[in-house]
Amino acid sequence: MSENSKNRNFYSLSQILESVSSVIKGTYKSPYWIKSEMIKLNYYPKSGHCYPDLVEKTNGKVKAQIRTTLWKGNYNRINEAFIEKTGKQLGDNMNILFLAEIKFDAVYGFSLNILEIDADYELGILAKEKKECINKLKLNNLYNKNKELKLALLPQRIAIISDKTSKGYHDFITIIDNNTRDYKYFHMIFPSLLQGDAAIGSMIKQLQAIKKVKHHFDLVAIIRGGGGEVGMDCYNNYELASEVANFPIPVITGIGHSTNETVVEMISHYNSITPTDLAYLLQQKFDNNSVTIEGYQSVVEGFVQDYINEKINILNNSYSYVVNRSKEFLAQQNSSIISLKQSIIYSSKIILSSSLNSISKLSSNSSFSIQKRLSIEEHKLERNTKSIDTISRNLLINQRQKLKFVEEKIELVKPENLLKKGYSYNTINGKIVTDIEDVRVGDSLITKIYKGEIESEIYKIKKYD
Amino acid sequence: MTKENLKYDDAMLELEELVREMEYGEISVDELSEKIKRSAFLIKFCKAKLKSTEEDVAEIIKEMSEE
């Protein structure tokens, strides 16, 4: 109700403000959905209330701004649902779609009281940002860049971007350090935040530090795990993703979460759902190497064995050839001696018998002297026969001795025995030296002797004509 | 090549080549002993590499702070 003073109508403050209040109440009967940028959440832990600062800008110029209210009960409910749906907390610098009641209170003034914040809207923004990040990486030819790097055959030296207290880090190093096969890894932690907006700068800083000493590492592993899944969208950030894509050595990821694959995981050299899987992957690489080396070893050993066997065979064959030929020769000699002996005996017997015959003819008209002469001759013949027998037996013994001698000679010329006896042979550059023309002053001469070799340098050469 | 500057990847590559030569009989008698010796060395080197590293955290930290 207005009063009159000096013909002037005036109202009390409450009358005016209540009137404004009723107009506003009449015009803005129900809450409205509003789109705006929340530049600051202004959360007060003590009271639990928030007073978000909202701003709308056009071309960098502020077009509208207001401080709003988000009461404790609403904040807790909205924040929880928000995390559940987007993996993200309410925070500064977010574009939000919110439901608010518009109020004017005579005591507290104008206010926008936030009742609801749409998580789906935020999801849409995140998805859009992620898509934009992927497109930009593709446009700049970065999307496959880290994947195209060649991982060392033996990924042994690992720069780990993680947090020492993280369960994922603990799991990872426990597996690689306590493997049963004695494989040795070198790992060094580059501590970093792993989630939330601050993690972006933190991880980029550590990547740049690793870059400086990259020759000490075969790969970088970004490892997270345990803890909540809030603030994972830092892995969709273009600055971080492009740093990873452009990294000069392979970056592998094991950031253990159940939400959609992030951009950093997509463009990393290799991504594993969990740090544990990543550790087993590295073990597998070591196992593969181990198997390959064993395979190579057995090929080389087999080759050496085959080669030695072949050489022994050749030596054995030549040795038995020489021995057999000598034996054959001696046997031939032996049999001709025997037949010679037999023919001598045979001939002697014929001569003897014919002599006896003629003697017996003579004897019929012989005298005592003839008889006596005959007896002498008979004696002589007998002696001769005996001596022929002795000579041929001696000849045979002699031949047997010769045979034994030849066998011993052959034993002596076996290469090993020759070396044992003090003979040696020389090689230059692995070739046996047989001609003085192949030898030069300054050549390195390897002298092979029994159970060893001597290396010497030639300083003088004398040639014999 | 000494052990210091030999890299695992290069050693494996060289070993693979030697093994291939042995399997296909491409090694002459003259170079045989040398190649067998080299193979044995490479096998030993690669096996040892699985079970050792020479990196040193202190050295890396020093290098990072140098620049």
# chains A, B, ... in the order shown; residues from 1 in each chain; ligands from 1
$ interface_residues --of "chain A" --to "chain B" --cutoff "8 Å" --atoms "only C-alpha atoms" --output "JSON, numbers by chain"
{"A": [152, 153, 154, 156, 157, 182, 183, 184, 185, 186, 188, 209, 212, 213, 216, 286, 290, 293, 296, 297, 299, 300, 303, 304, 430, 431]}
$ select_by_dssp --residues "chain B" --states "alpha helix (DSSP H)" --output "count of residues only"
48
$ atom_distance --atom1 "CA of Met232 in chain A" --atom2 "CA of Gly196 in chain A"
6.4 Å
$ atom_distance --atom1 "CA of Ser47 in chain A" --atom2 "CA of Ile102 in chain A"
22.4 Å
